[in-house]
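A.B. asks: Dropping in upload.json, which is JSON, C-alpha atoms:
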```
[["chain", "number", "residue", "atom", "x", "y", "z"],
["A", 1, "MET", "CA", 32.02, 36.60, 13.72],
["A", 2, "PRO", "CA", 31.36, 32.96, 14.61],
["A", 3, "VAL", "CA", 29.15, 31.17, 12.10],
["A", 4, "ILE", "CA", 26.52, 28.85, 13.51],
["A", 5, "LEU", "CA", 25.72, 25.84, 11.35],
["A", 6, "LYS", "CA", 22.55, 23.95, 12.15],
["A", 7, "ILE", "CA", 21.97, 20.63, 10.40],
["A", 8, "ILE", "CA", 18.54, 19.03, 10.50],
["A", 9, "LEU", "CA", 18.89, 15.28, 10.78],
["A", 10, "THR", "CA", 15.31, 14.14, 10.30],
["A", 11, "VAL", "CA", 14.45, 12.81, 6.85],
["A", 12, "SER", "CA", 11.10, 11.69, 5.53],
["A", 13, "PHE", "CA", 10.45, 8.20, 4.27],
["A", 14, "ASN", "CA", 11.21, 7.59, 0.59],
["A", 15, "THR", "CA", 8.31, 5.49, -0.66],
["A", 16, "ASP", "CA", 9.60, 4.86, -4.17],
["A", 17, "GLU", "CA", 12.99, 3.63, -3.08],
["A", 18, "ALA", "CA", 11.43, 1.27, -0.56],
["A", 19, "SER", "CA", 8.95, -0.01, -3.12],
["A", 20, "VAL", "CA", 11.75, -0.84, -5.57],
["A", 21, "THR", "CA", 13.79, -2.57, -2.86],
["A", 22, "VAL", "CA", 10.87, -4.72, -1.78],
["A", 23, "LYS", "CA", 9.91, -5.65, -5.33],
["A", 24, "GLU", "CA", 13.43, -6.85, -5.99],
["A", 25, "CYS", "CA", 13.33, -8.96, -2.81],
["A", 26, "ILE", "CA", 10.07, -10.61, -3.84],
["A", 27, "GLU", "CA", 11.35, -11.32, -7.35],
["A", 28, "GLY", "CA", 14.46, -12.86, -5.96],
["A", 29, "ILE", "CA", 12.62, -15.24, -3.66],
["A", 30, "ILE", "CA", 9.44, -16.31, -5.45],
["A", 31, "GLY", "CA", 10.27, -15.06, -8.94],
["A", 32, "GLY", "CA", 9.45, -17.91, -11.28],
["A", 33, "ILE", "CA", 7.99, -20.42, -8.84],
["A", 34, "ASP", "CA", 4.51, -21.89, -8.51],
["A", 35, "TYR", "CA", 2.57, -21.93, -5.26],
["A", 36, "ASN", "CA", 3.74, -24.70, -2.95],
["A", 37, "GLN", "CA", 2.05, -25.10, 0.39],
["A", 38, "ASN", "CA", 5.05, -26.73, 2.05],
["A", 39, "LYS", "CA", 7.32, -23.87, 1.18],
["A", 40, "VAL", "CA", 5.08, -20.84, 1.66],
["A", 41, "ASN", "CA", 6.04, -20.61, 5.32],
["A", 42, "GLN", "CA", 9.71, -20.11, 4.55],
["A", 43, "TRP", "CA", 8.88, -17.82, 1.61],
["A", 44, "THR", "CA", 7.00, -15.34, 3.77],
["A", 45, "ALA", "CA", 9.75, -15.49, 6.39],
["A", 46, "SER", "CA", 12.53, -14.91, 3.89],
["A", 47, "ILE", "CA", 10.70, -12.15, 1.97],
["A", 48, "VAL", "CA", 10.10, -10.28, 5.18],
["A", 49, "GLU", "CA", 13.62, -10.77, 6.55],
["A", 50, "HIS", "CA", 15.25, -9.93, 3.26],
["A", 51, "SER", "CA", 13.21, -6.75, 2.77],
["A", 52, "LEU", "CA", 13.97, -5.72, 6.31],
["A", 53, "THR", "CA", 17.73, -6.18, 5.90],
["A", 54, "GLN", "CA", 17.73, -4.30, 2.60],
["A", 55, "LEU", "CA", 15.74, -1.43, 4.10],
["A", 56, "VAL", "CA", 18.07, -1.22, 7.07],
["A", 57, "LYS", "CA", 21.08, -1.13, 4.75],
["A", 58, "GLN", "CA", 19.84, 2.23, 3.49],
["A", 59, "GLY", "CA", 20.98, 3.57, 6.83],
["A", 60, "LYS", "CA", 18.00, 5.83, 7.52],
["A", 61, "PRO", "CA", 16.88, 6.45, 11.13],
["A", 62, "PHE", "CA", 13.62, 4.47, 11.03],
["A", 63, "LYS", "CA", 11.92, 1.66, 12.86],
["A", 64, "PHE", "CA", 10.33, -0.70, 10.32],
["A", 65, "ILE", "CA", 7.29, -2.96, 10.24],
["A", 66, "VAL", "CA", 7.08, -5.28, 7.24],
["A", 67, "ASN", "CA", 3.93, -7.32, 6.60],
["A", 68, "CYS", "CA", 3.69, -9.97, 3.88],
["A", 69, "ALA", "CA", 0.65, -11.93, 2.66],
["A", 70, "ILE", "CA", 0.93, -14.73, 0.10],
["A", 71, "MET", "CA", -2.28, -16.18, -1.29],
["A", 72, "GLN", "CA", -2.91, -18.96, -3.74],
["A", 73, "LYS", "CA", -4.90, -17.97, -6.83],
["A", 74, "SER", "CA", -8.28, -19.59, -6.72],
["A", 75, "GLY", "CA", -10.74, -16.84, -7.65],
["A", 76, "ALA", "CA", -11.27, -15.76, -4.06],
["A", 77, "GLY", "CA", -11.08, -12.10, -3.16],
["A", 78, "LEU", "CA", -8.86, -10.37, -0.63],
["A", 79, "HIS", "CA", -9.05, -6.85, 0.82],
["A", 80, "THR", "CA", -6.41, -5.12, 2.95],
["A", 81, "ALA", "CA", -6.57, -1.75, 4.62],
["A", 82, "ASN", "CA", -4.39, 0.09, 7.06],
["A", 83, "SER", "CA", -4.82, 3.10, 9.28],
["A", 84, "CYS", "CA", -1.93, 4.83, 11.02],
["A", 85, "TYR", "CA", -1.62, 7.33, 13.82],
["A", 86, "TRP", "CA", 1.77, 8.97, 13.44],
["A", 87, "ASP", "CA", 3.62, 12.06, 12.31],
["A", 88, "THR", "CA", 2.88, 12.39, 8.60],
["A", 89, "ALA", "CA", 5.87, 14.66, 8.02],
["A", 90, "THR", "CA", 8.45, 12.03, 8.96],
["A", 91, "ASP", "CA", 6.72, 8.63, 8.87],
["A", 92, "GLY", "CA", 5.41, 6.79, 5.86],
["A", 93, "SER", "CA", 4.31, 3.51, 4.38],
["A", 94, "CYS", "CA", 4.39, 1.72, 1.08],
["A", 95, "THR", "CA", 2.53, -1.30, -0.25],
["A", 96, "VAL", "CA", 3.76, -3.53, -3.05],
["A", 97, "ARG", "CA", 1.42, -5.88, -4.92],
["A", 98, "TRP", "CA", 2.98, -8.69, -6.95],
["A", 99, "GLU", "CA", 1.55, -11.72, -8.69],
["A", 100, "ASN", "CA", 2.48, -14.57, -10.92],
["A", 101, "ARG", "CA", 0.51, -17.36, -12.52],
["A", 102, "THR", "CA", -0.36, -19.18, -9.30],
["A", 103, "MET", "CA", -0.21, -16.75, -6.43],
["A", 104, "TYR", "CA", -0.55, -13.19, -5.15],
["A", 105, "CYS", "CA", 1.87, -11.49, -2.81],
["A", 106, "VAL", "CA", 1.16, -8.23, -0.97],
["A", 107, "VAL", "CA", 3.92, -6.65, 1.09],
["A", 108, "SER", "CA", 3.37, -3.53, 3.25],
["A", 109, "VAL", "CA", 6.23, -1.58, 4.79],
["A", 110, "PHE", "CA", 5.63, 0.98, 7.55],
["A", 111, "ALA", "CA", 8.47, 3.24, 8.63],
["A", 112, "VAL", "CA", 8.33, 5.22, 11.88],
["A", 113, "ALA", "CA", 11.00, 7.86, 12.43],
["A", 114, "VAL", "CA", 13.40, 7.65, 15.34],
["A", 115, "THR", "CA", 14.69, 10.89, 16.76],
["A", 116, "CYS", "CA", 18.44, 10.47, 16.96],
["B", 117, "MET", "CA", -20.21, -11.63, -19.64],
["B", 118, "SER", "CA", -16.67, -10.46, -19.34],
["B", 119, "ASP", "CA", -17.31, -7.32, -21.41],
["B", 120, "PHE", "CA", -20.26, -6.40, -19.26],
["B", 121, "ALA", "CA", -18.23, -6.92, -16.13],
["B", 122, "LYS", "CA", -15.43, -4.78, -17.53],
["B", 123, "GLU", "CA", -17.82, -1.96, -18.38],
["B", 124, "LYS", "CA", -19.41, -2.12, -14.96],
["B", 125, "ALA", "CA", -16.03, -2.06, -13.27],
["B", 126, "ALA", "CA", -14.96, 0.89, -15.40],
["B", 127, "ARG", "CA", -18.12, 2.81, -14.53],
["B", 128, "LEU", "CA", -17.67, 2.14, -10.84],
["B", 129, "LEU", "CA", -14.07, 3.26, -11.02],
["B", 130, "LYS", "CA", -14.92, 6.47, -12.86],
["B", 131, "LYS", "CA", -17.52, 7.31, -10.23],
["B", 132, "ARG", "CA", -15.00, 6.95, -7.47],
["B", 133, "GLY", "CA", -12.13, 8.51, -9.36],
["B", 134, "SER", "CA", -9.80, 5.82, -8.16],
["B", 135, "VAL", "CA", -6.54, 4.61, -9.59],
["B", 136, "SER", "CA", -6.64, 1.41, -11.60],
["B", 137, "SER", "CA", -3.59, 0.02, -13.25],
["B", 138, "LEU", "CA", -5.21, -2.90, -15.07],
["B", 139, "GLY", "CA", -7.40, -1.52, -17.80],
["B", 140, "SER", "CA", -7.60, -4.55, -20.00],
["B", 141, "HIS", "CA", -7.89, -7.51, -17.66],
["B", 142, "ASP", "CA", -10.99, -9.56, -17.18],
["B", 143, "VAL", "CA", -12.55, -10.48, -13.92],
["B", 144, "LYS", "CA", -12.53, -14.23, -13.72],
["B", 145, "ALA", "CA", -15.96, -15.61, -12.80],
["B", 146, "LYS", "CA", -16.13, -16.86, -9.28],
["B", 147, "GLU", "CA", -18.52, -19.66, -10.16],
["B", 148, "THR", "CA", -15.84, -21.56, -12.02],
["B", 149, "ALA", "CA", -15.57, -24.90, -10.33],
["B", 150, "GLY", "CA", -12.29, -26.59, -9.66],
["B", 151, "LYS", "CA", -8.88, -25.00, -9.65],
["B", 152, "THR", "CA", -8.40, -21.94, -11.78],
["B", 153, "LYS", "CA", -4.83, -22.19, -12.88],
["B", 154, "ASP", "CA", -4.60, -19.08, -15.01],
["B", 155, "SER", "CA", -6.81, -16.61, -13.21],
["B", 156, "ILE", "CA", -6.15, -12.94, -13.86],
["B", 157, "SER", "CA", -6.50, -10.46, -11.07],
["B", 158, "THR", "CA", -8.19, -7.11, -11.13],
["B", 159, "LEU", "CA", -7.13, -4.31, -8.88],
["B", 160, "SER", "CA", -10.36, -2.43, -8.49],
["B", 161, "TYR", "CA", -9.61, 0.23, -5.93],
["B", 162, "ILE", "CA", -6.53, 1.72, -4.44],
["B", 163, "GLU", "CA", -6.41, 4.72, -2.20],
["B", 164, "GLU", "CA", -3.11, 6.13, -1.11],
["B", 165, "PRO", "CA", -3.42, 9.16, 1.11],
["B", 166, "GLY", "CA", -0.89, 11.85, 1.60],
["B", 167, "HIS", "CA", 1.12, 11.69, -1.59],
["B", 168, "HIS", "CA", -0.54, 14.73, -3.06],
["B", 169, "GLU", "CA", 0.66, 17.07, -0.34],
["B", 170, "ASP", "CA", 2.48, 19.79, -2.19],
["B", 171, "ASN", "CA", 3.35, 21.82, 0.89],
["B", 172, "PRO", "CA", 4.12, 19.34, 3.64],
["B", 173, "ARG", "CA", 4.30, 20.61, 7.16],
["B", 174, "PRO", "CA", 7.85, 21.39, 8.19],
["B", 175, "THR", "CA", 9.34, 18.75, 10.41],
["B", 176, "VAL", "CA", 8.81, 19.67, 14.03],
["B", 177, "GLN", "CA", 11.92, 19.42, 16.08],
["B", 178, "MET", "CA", 11.07, 18.11, 19.53],
["B", 179, "GLU", "CA", 12.98, 19.10, 22.59],
["B", 180, "ASN", "CA", 14.77, 16.46, 24.58],
["B", 181, "THR", "CA", 12.78, 15.10, 27.48],
["B", 182, "PHE", "CA", 15.52, 12.71, 28.61],
["B", 183, "GLN", "CA", 12.88, 10.05, 29.04],
["B", 184, "LEU", "CA", 14.09, 6.75, 27.62],
["B", 185, "ALA", "CA", 11.26, 4.41, 28.54],
["B", 186, "PRO", "CA", 7.50, 4.94, 28.63],
["B", 187, "TYR", "CA", 5.84, 5.58, 31.98],
["B", 188, "ARG", "CA", 2.85, 3.59, 30.86],
["B", 189, "ARG", "CA", 3.32, 0.57, 28.65],
["B", 190, "PHE", "CA", 1.04, -0.31, 25.76],
["B", 191, "PRO", "CA", -1.87, -2.43, 27.03],
["B", 192, "VAL", "CA", -1.71, -5.44, 24.73],
["B", 193, "LEU", "CA", -4.51, -7.42, 26.32],
["B", 194, "THR", "CA", -6.93, -4.49, 26.29],
["B", 195, "VAL", "CA", -6.21, -3.97, 22.61],
["B", 196, "ASN", "CA", -6.72, -7.70, 21.97],
["B", 197, "ASP", "CA", -10.19, -7.36, 23.46],
["B", 198, "ILE", "CA", -10.89, -4.28, 21.34],
["B", 199, "LEU", "CA", -9.95, -6.17, 18.19],
["B", 200, "LYS", "CA", -12.05, -9.19, 19.11],
["B", 201, "ASP", "CA", -14.97, -6.95, 19.89],
["B", 202, "VAL", "CA", -14.80, -4.85, 16.73],
["B", 203, "LEU", "CA", -14.25, -7.75, 14.34],
["B", 204, "SER", "CA", -17.06, -9.88, 15.72],
["B", 205, "SER", "CA", -19.53, -7.04, 15.93],
["B", 206, "TYR", "CA", -18.90, -5.87, 12.36],
["B", 207, "LEU", "CA", -18.47, -9.21, 10.65],
["B", 208, "GLN", "CA", -20.45, -11.83, 12.56],
["B", 209, "GLU", "CA", -23.39, -11.94, 10.19],
["B", 210, "GLU", "CA", -21.76, -10.76, 6.96],
["B", 211, "LYS", "CA", -21.23, -12.74, 3.80],
["B", 212, "TYR", "CA", -18.26, -12.02, 1.62],
["B", 213, "GLU", "CA", -19.07, -9.48, -1.08],
["B", 214, "ALA", "CA", -16.44, -7.46, -2.91],
["B", 215, "GLU", "CA", -18.06, -4.02, -2.48],
["B", 216, "LEU", "CA", -19.08, -4.55, 1.11],
["B", 217, "CYS", "CA", -15.75, -5.92, 2.24],
["B", 218, "ARG", "CA", -13.83, -3.17, 0.52],
["B", 219, "GLN", "CA", -15.73, -0.58, 2.55],
["B", 220, "MET", "CA", -15.60, -2.77, 5.63],
["B", 221, "THR", "CA", -11.81, -3.03, 5.70],
["B", 222, "LYS", "CA", -11.45, 0.72, 5.57],
["B", 223, "THR", "CA", -14.18, 1.34, 8.15],
["B", 224, "ILE", "CA", -12.86, -1.28, 10.55],
["B", 225, "SER", "CA", -9.31, 0.04, 10.39],
["B", 226, "GLU", "CA", -10.52, 3.56, 11.16],
["B", 227, "VAL", "CA", -12.71, 2.33, 14.02],
["B", 228, "ILE", "CA", -9.91, 0.32, 15.59],
["B", 229, "LYS", "CA", -7.50, 3.23, 15.28],
["B", 230, "ALA", "CA", -10.03, 5.51, 17.00],
["B", 231, "ARG", "CA", -10.60, 3.08, 19.84],
["B", 232, "VAL", "CA", -6.92, 2.54, 20.43],
["B", 233, "LYS", "CA", -6.40, 6.31, 20.42],
["B", 234, "GLU", "CA", -9.09, 6.59, 23.11],
["B", 235, "LEU", "CA", -6.86, 4.57, 25.41],
["B", 236, "MET", "CA", -4.59, 7.61, 25.37],
["B", 237, "VAL", "CA", -1.30, 5.81, 25.80],
["B", 238, "PRO", "CA", 1.17, 8.69, 25.59],
["B", 239, "ARG", "CA", 4.06, 8.77, 23.11],
["B", 240, "TYR", "CA", 2.96, 5.72, 21.15],
["B", 241, "LYS", "CA", 2.46, 5.74, 17.38],
["B", 242, "ILE", "CA", -0.11, 3.26, 16.06],
["B", 243, "VAL", "CA", -0.29, 1.26, 12.85],
["B", 244, "VAL", "CA", -3.45, -0.77, 12.20],
["B", 245, "LEU", "CA", -3.49, -3.36, 9.42],
["B", 246, "ILE", "CA", -6.70, -5.17, 8.40],
["B", 247, "SER", "CA", -7.11, -7.99, 5.87],
["B", 248, "ILE", "CA", -10.47, -9.44, 4.92],
["B", 249, "GLY", "CA", -10.63, -12.33, 2.48],
["B", 250, "GLN", "CA", -13.08, -14.79, 1.03],
["B", 251, "LEU", "CA", -13.00, -18.38, 2.23],
["B", 252, "SER", "CA", -12.58, -20.71, -0.69],
["B", 253, "ASP", "CA", -10.20, -23.49, -1.70],
["B", 254, "GLN", "CA", -7.16, -21.36, -1.40],
["B", 255, "ASN", "CA", -4.37, -21.48, 1.06],
["B", 256, "MET", "CA", -2.77, -18.34, 2.40],
["B", 257, "ARG", "CA", -0.08, -17.22, 4.74],
["B", 258, "ILE", "CA", 0.43, -13.78, 6.28],
["B", 259, "GLY", "CA", 3.58, -12.91, 8.17],
["B", 260, "SER", "CA", 5.29, -9.82, 9.47],
["B", 261, "ARG", "CA", 8.65, -8.88, 10.85],
["B", 262, "CYS", "CA", 9.55, -5.72, 12.73],
["B", 263, "LEU", "CA", 12.74, -3.87, 13.37],
["B", 264, "TRP", "CA", 12.22, -1.90, 16.54],
["B", 265, "ASP", "CA", 13.04, -1.61, 20.20],
["B", 266, "SER", "CA", 11.49, -4.77, 21.63],
["B", 267, "SER", "CA", 11.50, -3.49, 25.19],
["B", 268, "ASN", "CA", 9.11, -0.64, 24.38],
["B", 269, "ASP", "CA", 7.39, -1.55, 21.13],
["B", 270, "THR", "CA", 4.81, -4.25, 20.74],
["B", 271, "PHE", "CA", 1.94, -5.52, 18.65],
["B", 272, "SER", "CA", -1.47, -7.08, 19.06],
["B", 273, "SER", "CA", -3.23, -9.40, 16.63],
["B", 274, "HIS", "CA", -6.57, -11.15, 16.24],
["B", 275, "SER", "CA", -8.14, -13.26, 13.55],
["B", 276, "PHE", "CA", -11.81, -13.90, 12.95],
["B", 277, "LYS", "CA", -13.63, -16.41, 10.78],
["B", 278, "ASN", "CA", -17.21, -17.04, 9.82],
["B", 279, "SER", "CA", -18.76, -19.26, 7.18],
["B", 280, "SER", "CA", -17.83, -17.16, 4.15],
["B", 281, "LEU", "CA", -14.98, -14.90, 5.10],
["B", 282, "PHE", "CA", -11.99, -14.47, 7.34],
["B", 283, "ALA", "CA", -10.52, -11.31, 8.79],
["B", 284, "LEU", "CA", -7.17, -10.50, 10.34],
["B", 285, "ALA", "CA", -6.42, -7.41, 12.41],
["B", 286, "ASN", "CA", -2.90, -6.36, 13.43],
["B", 287, "VAL", "CA", -2.08, -3.37, 15.61],
["B", 288, "TYR", "CA", 1.57, -2.30, 15.96],
["B", 289, "ALA", "CA", 2.53, 0.21, 18.65],
["B", 290, "VAL", "CA", 5.85, 2.02, 18.30],
["B", 291, "TYR", "CA", 7.22, 4.15, 21.12],
["B", 292, "PHE", "CA", 8.26, 7.65, 20.16],
["B", 293, "GLU", "CA", 11.40, 8.62, 22.04]]
```
Once you've parsed the file, please lay out its structure as C-alpha cells.

C.D. replies:
Amino acid sequence: MPVILKIILTVSFNTDEASVTVKECIEGIIGGIDYNQNKVNQWTASIVEHSLTQLVKQGKPFKFIVNCAIMQKSGAGLHTANSCYWDTATDGSCTVRWENRTMYCVVSVFAVAVTC
Amino acid sequence: MSDFAKEKAARLLKKRGSVSSLGSHDVKAKETAGKTKDSISTLSYIEEPGHHEDNPRPTVQMENTFQLAPYRRFPVLTVNDILKDVLSSYLQEEKYEAELCRQMTKTISEVIKARVKELMVPRYKIVVLISIGQLSDQNMRIGSRCLWDSSNDTFSSHSFKNSSLFALANVYAVYFE
C-alpha cells in the first residue's frame, strides 16, 4: 500500500530567538559607547541592517520589518505602540528595549509569513 | 519624593496588572535643569498580546490561487492622508503627559489600523507603528529597514509635532501571496 507523507512547511515566528539575535546586534554596535549625534545616523542604519541579515540567516520563510529608535537620555519620555492586522498563527513580532548610561534604543521586529 | 513616586508607580502597576521589570529604579524628576547624565529609566507599562495562547489555531493551509501580483495596489497617498488626519485630530491640542500619551499611542494605533482596514485592500497584511515622545533637549533618530518584495509591498509614514510633543506613525503593508 503506498504511504502518503504530507509535510507542513509553515512555521510560526520564534520571538525569543529573534529577541536574542537583535540584542546581540545592538550590543555589538553601540555596546559601550556614549551618545554621539554625528554617529547616530550610521548606528541606526547598521543596527537595522545587521539585525536583518542575522534574522535572514535563520533561513525561515518570512518577510521582515525592523524598526529602530535611538534616543538620547535627557529625562524626556517616549511611548511606542503597534497594531497589526495579520495571521496570528504564523506571523509575529518582538520588541527589544536596551539602554546604557547615555541613550535608549528600542528595536521592533515584525515577521510576516510567506507561503512557499 | 522618589519613594512617593515609586509607591505611586507600584500602585498604578498593580491596578493594571502589567509587567514591570524594574522594581527598584527611581523615576528621575523631569524638572532637573541641564543635562542629566546618569538618568535611570523606568519601564512603567508593557503589554504583549498573544503570548498566552495555550491552544493556538492550527495553521490554515491556503489553496494556490496562482496570482502573483495584487490586482489593486496599496494606496500610499490615501494612507498618508489618513495618518495626517488622525495624528492632527488626536494630538493638536495635547500636552505631553505620561499617562495620557501611553493611552494615546495605543488608541491611535488601533484607530489607524481600523481606518486602513476600511480601505479593504485585498490580500494585504498591515503593521502600524506609533511613537509619541516628549520634546525636550534630546536628540533622537528612528530608522527602519524591510526585507520584502519591493514590487508589491510598501509603507507610509507621517510625523507630527506640536509645542510639547512629537508623534511618528508608520504603516507597513505586506502582500500575502

A.B. asks: Under the rule that all atoms listed in the file are counted, which of B:Lys277, B:Arg218, B:Lys211, B:Arg189 is the nearest residue to chain A?

C.D. replies: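 Looking only at the distances to chain A, the closest residue turns out to be B:Arg218.
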
A.B. asks: Excluding same-chain residues fewer than 6 positions from Arg257 of chain B, what lies within 9 Å of it counting all atoms listed in the file, as a PDB file with C-alpha atoms, in the frame of the given file?

C.D. replies:
```pdb
ATOM      1  CA  VAL A  40       5.080 -20.840   1.660  1.00  0.00           C
ATOM      2  CA  ASN A  41       6.040 -20.610   5.320  1.00  0.00           C
ATOM      3  CA  THR A  44       7.000 -15.340   3.770  1.00  0.00           C
ATOM      4  CA  CYS A  68       3.690  -9.970   3.880  1.00  0.00           C
ATOM      5  CA  ALA A  69       0.650 -11.930   2.660  1.00  0.00           C
ATOM      6  CA  ILE A  70       0.930 -14.730   0.100  1.00  0.00           C
ATOM      7  CA  MET A  71      -2.280 -16.180  -1.290  1.00  0.00           C
TER       8      MET A  71
END
```

A.B. asks: Enter the distance from atom CA of Leu203 of chain B to atom CA of Ala111 of chain A, in Å, rounded to one decimal.

C.D. replies: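 These two atoms are separated by 25.9 Å.
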
A.B. asks: Enumerate as a VMD selection string the residues belonging to chain A that approach chain B to within 9 Å, with all atoms listed in the file taken into account.

C.D. replies: chain A and resid 8 10 to 12 37 40 to 41 44 to 45 48 to 49 52 56 62 to 90 94 99 101 to 102 104 110 112 to 116

A.B. asks: Please identify all polymer residues within 8 Å of Arg97 of chain A, counting all atoms listed in the file, omitting same-chain residues fewer than 3 positions from it, and present them as a ChimeraX atom specification.

C.D. replies: /A:104-107

A.B. asks: Please measure the separation of atom CA of Thr15 of chain A and atom CA of Gly59 of chain A, giving the value in Å to one decimal.

C.D. replies: 14.8 Å
